file structure-v7.tsv (TSV, C-alpha atoms and all ligand atoms)
chain	number	residue	atom	x	y	z
U	5	MET	CA	38.36	91.67	130.10
U	6	HIS	CA	36.16	90.03	132.71
U	7	LEU	CA	36.66	91.46	136.21
U	8	THR	CA	35.08	90.02	139.36
U	9	PRO	CA	33.22	92.40	141.73
U	10	GLU	CA	36.22	92.29	144.07
U	11	MET	CA	38.52	93.34	141.22
U	12	GLU	CA	36.12	96.16	140.36
U	13	ARG	CA	36.39	97.36	143.96
U	14	ALA	CA	40.19	97.15	143.81
U	15	LEU	CA	40.10	99.18	140.59
U	16	ALA	CA	38.00	101.79	142.36
U	17	GLY	CA	40.75	102.13	144.97
U	18	GLU	CA	38.91	100.39	147.83
U	19	GLN	CA	41.92	98.14	148.51
U	20	GLY	CA	44.52	100.92	148.48
U	21	GLU	CA	46.47	102.88	145.95
U	22	GLY	CA	49.11	100.21	145.33
U	23	ARG	CA	46.61	97.50	144.39
U	24	ARG	CA	44.60	99.97	142.29
U	25	LYS	CA	47.67	100.93	140.24
U	26	ALA	CA	48.79	97.31	139.92
U	27	LEU	CA	45.38	96.22	138.65
U	28	GLU	CA	45.14	99.18	136.29
U	29	LEU	CA	48.45	98.10	134.75
U	30	LEU	CA	47.44	94.43	134.39
U	31	VAL	CA	44.07	95.33	132.87
U	32	ALA	CA	45.77	97.63	130.36
U	33	VAL	CA	48.27	94.88	129.38
U	34	GLY	CA	45.50	92.28	129.24
U	35	GLU	CA	43.40	94.45	126.96
U	36	ILE	CA	46.31	95.09	124.60
U	37	TYR	CA	46.91	91.34	124.23
U	38	GLY	CA	43.25	90.30	124.14
U	39	ALA	CA	43.21	88.46	127.49
U	40	LYS	CA	39.73	87.47	128.61
U	41	ARG	CA	40.52	87.24	132.31
U	42	LEU	CA	43.14	87.36	135.03
U	43	ILE	CA	44.41	84.02	136.32
U	44	PRO	CA	46.11	83.18	139.63
U	45	ILE	CA	49.89	82.81	139.72
U	46	THR	CA	52.02	80.83	142.16
U	47	SER	CA	55.14	83.00	142.06
U	48	ALA	CA	56.76	86.09	140.60
U	49	HIS	CA	60.33	87.04	139.79
U	50	LEU	CA	61.21	90.71	139.36
U	51	SER	CA	63.81	92.46	137.24
U	52	GLY	CA	64.55	96.16	137.52
U	53	VAL	CA	66.73	96.04	140.62
U	54	SER	CA	70.06	97.66	139.81
U	55	TYR	CA	70.28	101.37	140.53
U	56	LYS	CA	72.35	101.56	137.33
U	57	THR	CA	69.42	100.41	135.21
U	58	ILE	CA	66.37	101.88	136.97
U	59	GLY	CA	67.79	105.04	138.56
U	60	ASP	CA	65.83	107.43	140.78
U	61	GLY	CA	62.67	107.11	138.65
U	62	GLY	CA	62.58	103.36	139.18
U	63	LEU	CA	63.02	103.70	142.92
U	64	GLU	CA	60.15	106.20	143.07
U	65	PHE	CA	57.95	103.82	141.05
U	66	ILE	CA	58.57	100.91	143.44
U	67	GLU	CA	58.03	103.05	146.52
U	68	ASP	CA	54.90	104.51	144.98
U	69	LEU	CA	53.42	101.17	143.92
U	70	GLY	CA	54.18	99.79	147.34
U	71	LYS	CA	52.09	102.33	149.24
U	72	GLY	CA	50.04	100.09	151.46
U	73	ALA	CA	50.53	97.07	149.14
U	74	LYS	CA	52.37	93.80	149.65
U	75	VAL	CA	53.18	90.98	147.29
U	76	SER	CA	50.66	88.18	147.61
U	77	VAL	CA	52.72	85.30	146.14
U	78	PRO	CA	56.34	84.22	146.76
U	79	THR	CA	58.41	86.78	144.85
U	80	THR	CA	62.14	86.87	144.19
U	81	LEU	CA	64.51	89.52	142.89
U	82	ASN	CA	67.02	89.75	140.06
U	83	PRO	CA	70.66	90.80	140.57
U	84	ALA	CA	71.40	94.27	141.91
U	85	GLY	CA	74.20	96.65	140.96
U	86	MET	CA	76.58	95.44	143.66
U	87	ASP	CA	77.46	92.69	146.09
U	88	ARG	CA	75.69	93.94	149.18
U	89	GLU	CA	78.66	93.04	151.38
U	90	ARG	CA	81.65	93.63	149.08
U	91	TRP	CA	80.58	96.69	147.09
U	92	ARG	CA	83.60	98.71	148.15
U	93	GLU	CA	85.94	96.05	146.68
U	94	MET	CA	84.01	96.38	143.40
U	95	GLY	CA	84.76	100.11	143.24
U	96	VAL	CA	81.09	101.08	143.78
U	97	THR	CA	80.58	104.60	145.15
U	98	GLU	CA	78.92	105.43	148.48
U	99	ARG	CA	76.09	107.22	146.67
U	100	PHE	CA	75.41	104.24	144.37
U	101	ALA	CA	75.46	101.86	147.35
U	102	GLU	CA	73.06	104.04	149.31
U	103	MET	CA	70.56	104.22	146.44
U	104	GLN	CA	70.96	100.51	145.67
U	105	ASN	CA	70.19	99.61	149.27
U	106	ARG	CA	67.13	101.87	149.18
U	107	ILE	CA	65.82	99.99	146.14
U	108	ILE	CA	66.31	96.62	147.81
U	109	ASP	CA	64.73	97.92	151.02
U	110	ALA	CA	61.72	99.16	149.01
U	111	TYR	CA	61.28	95.66	147.54
U	112	SER	CA	61.77	94.12	150.98
U	113	ALA	CA	59.02	96.38	152.39
U	114	LEU	CA	56.72	94.90	149.74
U	115	GLY	CA	57.50	91.41	151.03
U	116	VAL	CA	59.86	90.42	148.21
U	117	VAL	CA	62.61	87.88	148.99
U	118	THR	CA	65.75	89.93	148.37
U	119	GLY	CA	68.11	87.14	147.32
U	120	CYS	CA	69.09	89.04	144.14
U	121	THR	CA	69.79	86.29	141.62
U	122	CYS	CA	68.82	85.49	138.04
U	123	THR	CA	68.67	81.77	138.90
U	124	PRO	CA	65.79	81.80	141.42
U	125	TYR	CA	64.84	78.29	140.24
U	126	ILE	CA	68.06	76.99	141.86
U	127	THR	CA	67.61	78.78	145.15
U	128	GLY	CA	64.02	78.09	146.16
U	129	ASN	CA	61.62	79.76	143.70
U	130	SER	CA	61.09	76.66	141.60
U	131	PRO	CA	57.59	76.42	140.11
U	132	ALA	CA	55.97	73.08	139.35
U	133	ARG	CA	54.95	71.86	135.88
U	134	GLY	CA	51.92	73.74	134.67
U	135	ASP	CA	52.13	76.52	137.28
U	136	HIS	CA	51.20	79.96	136.01
U	137	ILE	CA	53.82	82.47	137.10
U	138	ALA	CA	54.84	86.05	136.26
U	139	TRP	CA	58.57	86.23	135.76
U	140	ALA	CA	60.72	88.97	134.38
U	141	GLU	CA	64.43	88.30	133.58
U	142	SER	CA	64.53	86.83	130.13
U	143	SER	CA	66.93	83.96	130.92
U	144	ALA	CA	65.03	82.80	134.00
U	145	LEU	CA	61.60	82.97	132.40
U	146	SER	CA	62.77	81.02	129.35
U	147	TYR	CA	64.26	78.37	131.67
U	148	ALA	CA	60.98	78.27	133.63
U	149	ASN	CA	58.88	77.81	130.47
U	150	SER	CA	61.20	75.34	128.77
U	151	VAL	CA	62.89	73.27	131.46
U	152	LEU	CA	60.39	73.48	134.33
U	153	ASP	CA	57.35	73.62	132.04
U	154	ALA	CA	55.84	76.42	134.13
U	155	ARG	CA	53.96	79.17	132.26
U	156	THR	CA	55.00	82.78	132.03
U	157	ASN	CA	55.08	85.51	129.45
U	158	ARG	CA	58.16	87.62	128.91
U	159	GLU	CA	57.26	90.08	131.66
U	160	GLY	CA	58.85	93.44	132.23
U	161	GLY	CA	59.76	94.54	135.75
U	162	PRO	CA	56.60	96.66	136.35
U	163	GLY	CA	54.24	93.97	134.97
U	164	ALA	CA	55.80	91.25	137.13
U	165	LEU	CA	55.64	93.52	140.18
U	166	ALA	CA	51.98	94.34	139.57
U	167	ALA	CA	51.25	90.61	139.14
U	168	SER	CA	53.07	89.78	142.37
U	169	ILE	CA	51.00	92.33	144.31
U	170	LEU	CA	47.71	90.98	143.00
U	171	GLY	CA	48.74	87.32	142.71
U	172	MET	CA	47.30	87.33	139.19
U	173	THR	CA	48.29	87.88	135.59
U	174	PRO	CA	46.36	88.35	132.32
U	175	GLU	CA	45.78	85.05	130.53
U	176	TYR	CA	47.39	85.36	127.09
U	177	GLY	CA	50.53	84.30	125.22
U	178	LEU	CA	52.54	81.50	126.84
U	179	HIS	CA	49.87	80.86	129.48
U	180	LEU	CA	47.80	79.21	126.75
U	181	ASP	CA	48.51	75.70	125.36
U	182	GLU	CA	48.25	76.76	121.73
U	183	ASN	CA	51.07	79.30	122.07
U	184	ARG	CA	53.59	76.89	123.62
U	185	LYS	CA	54.11	74.67	120.60
U	186	ALA	CA	57.39	74.43	118.70
U	187	THR	CA	57.36	76.63	115.61
U	188	VAL	CA	60.75	75.82	114.05
U	189	ILE	CA	63.07	72.78	114.13
U	190	ILE	CA	66.75	73.40	114.82
U	191	ASP	CA	68.92	70.55	113.60
U	192	VAL	CA	72.32	70.80	115.22
U	193	THR	CA	74.43	69.25	112.53
U	194	GLU	CA	77.77	68.63	114.22
U	195	GLY	CA	78.87	67.65	117.68
U	196	ILE	CA	78.59	70.73	119.84
U	197	GLU	CA	80.66	70.83	123.03
U	198	ALA	CA	79.11	71.91	126.32
U	199	SER	CA	81.19	75.10	126.21
U	200	ASP	CA	79.59	76.00	122.84
U	201	LEU	CA	75.99	75.93	124.07
U	202	SER	CA	75.87	79.61	124.94
U	203	LEU	CA	77.07	80.55	121.45
U	204	LEU	CA	74.67	78.01	119.94
U	205	GLY	CA	71.87	79.80	121.78
U	206	HIS	CA	73.11	83.12	120.44
U	207	ALA	CA	73.22	81.84	116.87
U	208	VAL	CA	69.73	80.35	117.13
U	209	GLY	CA	68.19	83.41	118.81
U	210	ALA	CA	69.57	85.60	116.02
U	211	LYS	CA	68.08	83.29	113.39
U	212	VAL	CA	64.62	82.66	114.89
U	213	GLY	CA	63.75	85.89	116.74
U	214	SER	CA	60.69	85.19	118.87
U	215	ALA	CA	59.90	81.69	117.54
U	216	ILE	CA	59.77	78.55	119.72
U	217	PRO	CA	62.69	76.38	118.58
U	218	TYR	CA	62.72	72.58	118.84
U	219	PHE	CA	66.32	71.35	119.05
U	220	ARG	CA	67.51	68.01	117.73
U	221	GLY	CA	71.06	66.69	118.02
U	222	ILE	CA	72.07	68.01	121.46
U	223	ARG	CA	71.73	66.71	125.05
U	224	PRO	CA	72.47	69.70	127.29
U	225	ASP	CA	72.40	69.36	131.09
U	226	SER	CA	70.68	71.93	133.29
U	227	ASN	CA	73.68	74.28	133.13
U	228	GLY	CA	73.76	74.10	129.34
U	229	LEU	CA	70.04	74.76	129.22
U	230	LYS	CA	70.38	77.87	131.37
U	231	SER	CA	73.19	79.19	129.14
U	232	MET	CA	71.15	78.56	126.02
U	233	ALA	CA	68.04	80.16	127.52
U	234	ALA	CA	70.00	83.29	128.39
U	235	ALA	CA	71.69	83.60	125.00
U	236	MET	CA	68.56	83.00	122.90
U	237	ALA	CA	66.66	85.60	124.90
U	238	ALA	CA	69.44	88.13	124.31
U	239	SER	CA	70.14	87.71	120.58
U	240	GLY	CA	66.45	87.04	119.84
U	241	SER	CA	63.45	87.20	122.10
U	242	VAL	CA	62.99	83.48	122.59
U	243	ALA	CA	60.90	82.87	125.72
U	244	MET	CA	60.48	79.12	125.30
U	245	PHE	CA	62.24	76.24	123.56
U	246	HIS	CA	62.15	72.46	123.44
U	247	VAL	CA	65.06	70.01	123.30
U	248	GLU	CA	64.32	66.51	122.03
U	249	GLY	CA	64.72	63.93	124.76
U	250	VAL	CA	65.55	66.58	127.36
U	251	THR	CA	62.85	69.17	128.09
U	252	PRO	CA	59.56	67.91	129.53
U	253	SER	CA	57.10	68.88	126.82
U	254	ALA	CA	59.35	68.05	123.84
U	255	LYS	CA	57.68	64.65	123.36
U	256	GLU	CA	54.26	66.29	122.99
U	257	GLN	CA	55.31	68.40	120.00
U	258	ASP	CA	53.90	67.86	116.53
U	259	LEU	CA	56.77	68.59	114.15
U	260	ALA	CA	54.94	67.93	110.90
U	261	GLY	CA	55.33	70.77	108.43
U	262	LEU	CA	57.65	72.90	110.58
U	263	GLU	CA	60.50	74.80	108.95
U	264	LYS	CA	63.91	73.17	109.55
U	265	VAL	CA	67.06	75.19	110.16
U	266	ALA	CA	70.48	73.55	110.28
U	267	VAL	CA	72.98	75.01	112.76
U	268	GLY	CA	76.59	73.88	113.07
U	269	LYS	CA	80.14	74.82	113.97
U	270	ASP	CA	80.24	77.63	111.39
U	271	ASP	CA	77.37	79.37	113.13
U	272	ILE	CA	79.16	79.11	116.48
U	273	VAL	CA	82.32	80.60	114.96
U	274	HIS	CA	80.27	83.36	113.31
U	275	SER	CA	78.52	84.22	116.59
U	276	ARG	CA	81.81	84.42	118.43
U	277	GLU	CA	83.29	86.68	115.73
U	278	CYS	CA	80.25	88.98	115.87
U	279	LEU	CA	80.50	89.32	119.63
U	280	MET	CA	84.27	89.89	119.84
U	281	SER	CA	85.41	93.51	119.89
U	282	GLY	CA	88.46	93.48	122.15
U	283	SER	CA	91.62	91.54	122.84
U	284	GLU	CA	93.09	92.59	126.18
U	285	PRO	CA	90.56	92.19	128.98
U	286	ASP	CA	91.02	94.00	132.27
U	287	LEU	CA	88.13	92.01	133.75
U	288	ILE	CA	87.24	88.33	133.32
U	289	ALA	CA	83.69	87.69	134.47
U	290	ILE	CA	82.24	84.17	134.70
U	291	GLY	CA	78.70	83.48	135.88
U	292	CYS	CA	76.03	84.75	133.49
U	293	PRO	CA	73.51	83.41	134.39
U	294	HIS	CA	74.64	83.03	138.00
U	295	LEU	CA	76.81	79.99	138.65
U	296	SER	CA	75.10	76.86	139.93
U	297	GLN	CA	76.54	74.60	142.61
U	298	MET	CA	77.80	72.19	139.94
U	299	GLU	CA	79.49	74.99	138.00
U	300	MET	CA	81.19	76.23	141.20
U	301	LYS	CA	82.49	72.69	141.73
U	302	THR	CA	83.71	72.37	138.13
U	303	LEU	CA	85.53	75.70	138.28
U	304	ALA	CA	87.07	74.91	141.66
U	305	SER	CA	88.30	71.49	140.57
U	306	PHE	CA	89.90	73.05	137.47
U	307	LEU	CA	91.64	75.78	139.50
U	308	ASP	CA	92.57	73.79	142.60
U	309	GLY	CA	96.35	73.49	142.93
U	310	LYS	CA	97.05	76.12	140.24
U	311	ARG	CA	98.49	79.61	140.72
U	312	LYS	CA	97.35	82.92	139.34
U	313	ARG	CA	100.27	84.61	137.57
U	314	VAL	CA	98.54	87.41	135.66
U	315	ASP	CA	97.04	90.33	137.53
U	316	THR	CA	93.76	90.64	135.58
U	317	GLU	CA	90.70	91.04	137.81
U	318	VAL	CA	88.44	87.97	137.83
U	319	TRP	CA	84.82	87.77	138.99
U	320	PHE	CA	82.77	84.66	139.63
U	321	CYS	CA	79.13	85.72	139.87
U	322	THR	CA	76.67	83.58	141.78
U	323	SER	CA	73.80	83.78	144.21
U	324	ARG	CA	74.46	84.18	147.91
U	325	THR	CA	72.65	80.90	148.52
U	326	VAL	CA	74.89	78.93	146.13
U	327	ARG	CA	77.96	80.57	147.62
U	328	THR	CA	76.79	79.48	151.07
U	329	TRP	CA	76.31	75.93	149.76
U	330	CYS	CA	79.86	75.86	148.33
U	331	PRO	CA	82.29	77.19	150.99
U	332	LYS	CA	85.24	75.02	149.92
U	333	GLU	CA	84.79	75.81	146.23
U	334	ALA	CA	84.41	79.53	146.98
U	335	ALA	CA	87.67	79.45	148.96
U	336	VAL	CA	89.50	77.97	145.94
U	337	LEU	CA	87.97	80.53	143.54
U	338	GLU	CA	88.84	83.41	145.88
U	339	LYS	CA	92.55	82.71	145.21
U	340	PHE	CA	91.93	83.68	141.59
U	341	GLY	CA	89.31	86.40	141.90
U	342	LYS	CA	86.23	87.56	143.74
U	343	VAL	CA	83.20	85.33	144.24
U	344	LEU	CA	80.54	88.03	144.05
U	345	CYS	CA	76.92	87.58	145.09
U	346	ASP	CA	73.76	89.63	144.45
U	347	THR	CA	75.13	91.14	141.22
U	348	CYS	CA	76.64	90.51	137.80
U	349	MET	CA	78.96	92.00	135.18
U	350	ILE	CA	76.06	93.65	133.31
U	351	VAL	CA	74.04	95.35	136.04
U	352	ALA	CA	77.07	96.44	138.11
U	353	PRO	CA	78.61	99.78	137.11
U	354	ILE	CA	81.77	98.14	135.73
U	355	GLU	CA	82.24	100.93	133.20
U	356	SER	CA	83.60	103.18	135.96
U	357	LYS	CA	86.62	100.89	136.30
U	358	HIS	CA	86.92	98.58	133.30
U	359	ARG	CA	87.24	99.00	129.54
U	360	CYS	CA	87.42	95.45	128.19
U	361	THR	CA	85.63	92.45	129.68
U	362	ALA	CA	86.08	88.78	128.84
U	363	THR	CA	83.32	86.28	129.49
U	364	ASP	CA	82.05	82.86	128.44
U	365	SER	CA	78.43	84.03	128.27
U	366	ALA	CA	77.03	85.02	124.88
U	367	LYS	CA	74.29	86.94	126.69
U	368	ALA	CA	76.84	89.01	128.59
U	369	CYS	CA	78.87	89.49	125.40
U	370	ALA	CA	75.76	90.85	123.68
U	371	TYR	CA	75.00	93.35	126.45
U	372	LEU	CA	78.49	94.46	127.53
U	373	PRO	CA	79.05	97.03	124.74
U	374	GLY	CA	75.67	98.77	125.01
U	375	LEU	CA	75.00	98.58	128.74
U	376	CYS	CA	78.55	98.77	130.06
U	377	GLY	CA	80.58	100.50	127.31
U	378	GLN	CA	82.93	97.51	127.15
U	379	GLN	CA	85.03	95.95	124.47
U	380	VAL	CA	84.38	92.23	124.60
U	381	VAL	CA	86.45	89.07	124.56
U	382	CYS	CA	84.34	85.95	124.13
U	383	GLY	CA	85.83	82.58	125.07
U	384	SER	CA	85.21	79.41	127.03
U	385	TRP	CA	85.69	79.80	130.79
U	386	LYS	CA	88.63	77.41	130.57
U	387	SER	CA	90.45	79.39	127.91
U	388	LEU	CA	89.81	82.67	129.75
U	389	LEU	CA	91.06	81.35	133.09
U	390	GLU	CA	94.06	79.67	131.46
U	391	GLY	CA	95.03	83.19	130.40
U	392	VAL	CA	95.69	84.22	134.01
U	393	LEU	CA	97.55	81.06	135.09
U	401	LIG	FE1	71.97	87.07	135.11
U	401	LIG	FE2	73.24	89.33	134.79
U	401	LIG	FE3	73.46	87.42	133.01
U	401	LIG	S1	71.17	89.11	135.49
U	401	LIG	S2	71.54	86.32	133.07
U	401	LIG	S3	74.16	87.32	135.15
U	401	LIG	S4	73.20	89.59	132.57
call {"tool": "encode", "arguments": {"input": "structure-v7.tsv", "output": "structure tokens", "more": "lines below"}}
Ligand code: F3S
result
Amino acid sequence: MHLTPEMERALAGEQGEGRRKALELLVAVGEIYGAKRLIPITSAHLSGVSYKTIGDGGLEFIEDLGKGAKVSVPTTLNPAGMDRERWREMGVTERFAEMQNRIIDAYSALGVVTGCTCTPYITGNSPARGDHIAWAESSALSYANSVLDARTNREGGPGALAASILGMTPEYGLHLDENRKATVIIDVTEGIEASDLSLLGHAVGAKVGSAIPYFRGIRPDSNGLKSMAAAMAASGSVAMFHVEGVTPSAKEQDLAGLEKVAVGKDDIVHSRECLMSGSEPDLIAIGCPHLSQMEMKTLASFLDGKRKRVDTEVWFCTSRTVRTWCPKEAAVLEKFGKVLCDTCMIVAPIESKHRCTATDSAKACAYLPGLCGQQVVCGSWKSLLEGVL
């Protein structure tokens, strides 16, 4: 891979240990994938934040990489293992909270914006069309590629962090035009409701793996697109998709000769059946990916004037920024559960308190058994909330 003289000096350690290690990592990744050079990025988004998922080793890595280094592009952070203000109400231990705060402080010392959300594109880190970026968090990076038409590979936490320190990333994969083209057509054969889009994404991700699907027959809004992005990245490893008449580069696709796959109601039902493993939830968690302003409004208008009659714990997960934007809606939701910020049902240590979780997110359903030891109830947010009224 071509390195400029300045990069050679960084690799020799002349710009500090943090930049040396970051560059070493990017060069190694670039060489594996046949990148010819490093290209500038305009932003980064980092995963690997929850103490539950990265532990002491992860904290050491961040502190180590950060010795003398700072991020050199705007960089945001994925959800942490707790709401930084309400962690006691979540049942999080003092030790967990202390270590979680150390992780966030280590990122903050690097210059990272510590908003802790998986929807950074809603809260200020919104790249422009064509921008090269280095984003981890599979749902956010798929949304960035597909809906914003920015360019990122499916980064891991360390790769995105190294890229944010150097302001560069190896040029390969989805940074290149030829790798961003649709590779399979998904014909949605029956009317799919908005509440089915997450399960549609799950069904398609399971069928296509890492392909780039081109959807026909649906018109999702931005909330539907974020649900689909999350689900396809969880059941498959889809990092980009097109939706006819909706996503910006769909009209540039050449569909001639592509395989066609039909997906309908049966696939949605099958996905739900595969994900279901429980029946009596002790936690209902809505907000994977984090709730947008519009979703907060929709939930609040559904719940306003109703009464909670069943004592099941309910979480609404969102970013602190969106919560701040929606004080009236948050007040309505708080009568039915907790509006939690900075965290989510997957990266929080819910297994210490809960056994069976219900959610409307196919991504969360896919991860709850393995990452949280949960039985799973999968339903629309309306049907789940109706269960506590
Ligand atoms: Fe976000 Fe957590 Fe879901 S990080 S996409 S709410 S698993």
call {"tool": "atom_distance", "arguments": {"input": "structure-v7.tsv", "atom1": "atom CA of Leu303 of chain U", "atom2": "atom CA of Ser146 of chain U"}}
result
25.0 Å
call {"tool": "axis_aligned_box", "arguments": {"input": "structure-v7.tsv", "around": "ligand LIG 401 (chain U)", "padding_each_side": "6 Å", "output": "AutoDock Vina command-line options"}}
result
--center_x 72.7 --center_y 88.0 --center_z 134.0 --size_x 15.0 --size_y 15.3 --size_z 14.9
call {"tool": "closest_residue", "arguments": {"input": "structure-v7.tsv", "among": "U:Gly85, U:Gly391, U:Pro293, U:Pro44", "to": "Thr316 of chain U", "atoms": "all atoms listed in the file"}}
result
U:Gly391
call {"tool": "residues_around", "arguments": {"input": "structure-v7.tsv", "residues": "segment 353-365 of chain U", "least_positions_apart": "3", "cutoff": "7 Å", "atoms": "all atoms listed in the file", "output": "PDB file with C-alpha atoms, keeping the file's coordinate frame"}}
result
ATOM      1  CA  LYS U  56      72.350 101.560 137.330  1.00  0.00           C
ATOM      2  CA  GLY U  85      74.200  96.650 140.960  1.00  0.00           C
ATOM      3  CA  SER U 202      75.870  79.610 124.940  1.00  0.00           C
ATOM      4  CA  GLY U 282      88.460  93.480 122.150  1.00  0.00           C
ATOM      5  CA  GLU U 284      93.090  92.590 126.180  1.00  0.00           C
ATOM      6  CA  PRO U 285      90.560  92.190 128.980  1.00  0.00           C
ATOM      7  CA  ASP U 286      91.020  94.000 132.270  1.00  0.00           C
ATOM      8  CA  LEU U 287      88.130  92.010 133.750  1.00  0.00           C
ATOM      9  CA  ILE U 288      87.240  88.330 133.320  1.00  0.00           C
ATOM     10  CA  ALA U 289      83.690  87.690 134.470  1.00  0.00           C
ATOM     11  CA  ILE U 290      82.240  84.170 134.700  1.00  0.00           C
ATOM     12  CA  CYS U 292      76.030  84.750 133.490  1.00  0.00           C
ATOM     13  CA  MET U 349      78.960  92.000 135.180  1.00  0.00           C
ATOM     14  CA  ALA U 368      76.840  89.010 128.590  1.00  0.00           C
ATOM     15  CA  CYS U 369      78.870  89.490 125.400  1.00  0.00           C
ATOM     16  CA  CYS U 376      78.550  98.770 130.060  1.00  0.00           C
ATOM     17  CA  GLY U 377      80.580 100.500 127.310  1.00  0.00           C
ATOM     18  CA  GLN U 378      82.930  97.510 127.150  1.00  0.00           C
ATOM     19  CA  GLN U 379      85.030  95.950 124.470  1.00  0.00           C
ATOM     20  CA  VAL U 380      84.380  92.230 124.600  1.00  0.00           C
ATOM     21  CA  VAL U 381      86.450  89.070 124.560  1.00  0.00           C
ATOM     22  CA  CYS U 382      84.340  85.950 124.130  1.00  0.00           C
ATOM     23  CA  GLY U 383      85.830  82.580 125.070  1.00  0.00           C
ATOM     24  CA  SER U 384      85.210  79.410 127.030  1.00  0.00           C
ATOM     25  CA  TRP U 385      85.690  79.800 130.790  1.00  0.00           C
TER      26      TRP U 385
END
call {"tool": "atom_distance", "arguments": {"input": "structure-v7.tsv", "atom1": "atom CA of Val75 of chain U", "atom2": "atom CA of Ser168 of chain U"}}
result
5.1 Å
call {"tool": "residues_around", "arguments": {"input": "structure-v7.tsv", "residues": "segment 208-215 of chain U", "least_positions_apart": "3", "cutoff": "9 Å", "atoms": "all atoms listed in the file", "output": "list in words"}}
result
Ala186, Thr187, Val188, Ile190, Leu203, Leu204, Gly205, Ala235, Met236, Ala237, Ala238, Ser239, Gly240, Ser241, Val242, Ala243, Met244, Phe245, Val265, Val267 and Asp271 of chain U
call {"tool": "write_last_selection", "arguments": {"input": "structure-v7.tsv", "atoms": "C-alpha atoms", "output": "CSV table (one decimal), keeping the file's coordinate frame"}}
result
chain,number,residue,atom,x,y,z
U,186,ALA,CA,57.4,74.4,118.7
U,187,THR,CA,57.4,76.6,115.6
U,188,VAL,CA,60.8,75.8,114.0
U,190,ILE,CA,66.8,73.4,114.8
U,203,LEU,CA,77.1,80.6,121.4
U,204,LEU,CA,74.7,78.0,119.9
U,205,GLY,CA,71.9,79.8,121.8
U,235,ALA,CA,71.7,83.6,125.0
U,236,MET,CA,68.6,83.0,122.9
U,237,ALA,CA,66.7,85.6,124.9
U,238,ALA,CA,69.4,88.1,124.3
U,239,SER,CA,70.1,87.7,120.6
U,240,GLY,CA,66.4,87.0,119.8
U,241,SER,CA,63.4,87.2,122.1
U,242,VAL,CA,63.0,83.5,122.6
U,243,ALA,CA,60.9,82.9,125.7
U,244,MET,CA,60.5,79.1,125.3
U,245,PHE,CA,62.2,76.2,123.6
U,265,VAL,CA,67.1,75.2,110.2
U,267,VAL,CA,73.0,75.0,112.8
U,271,ASP,CA,77.4,79.4,113.1
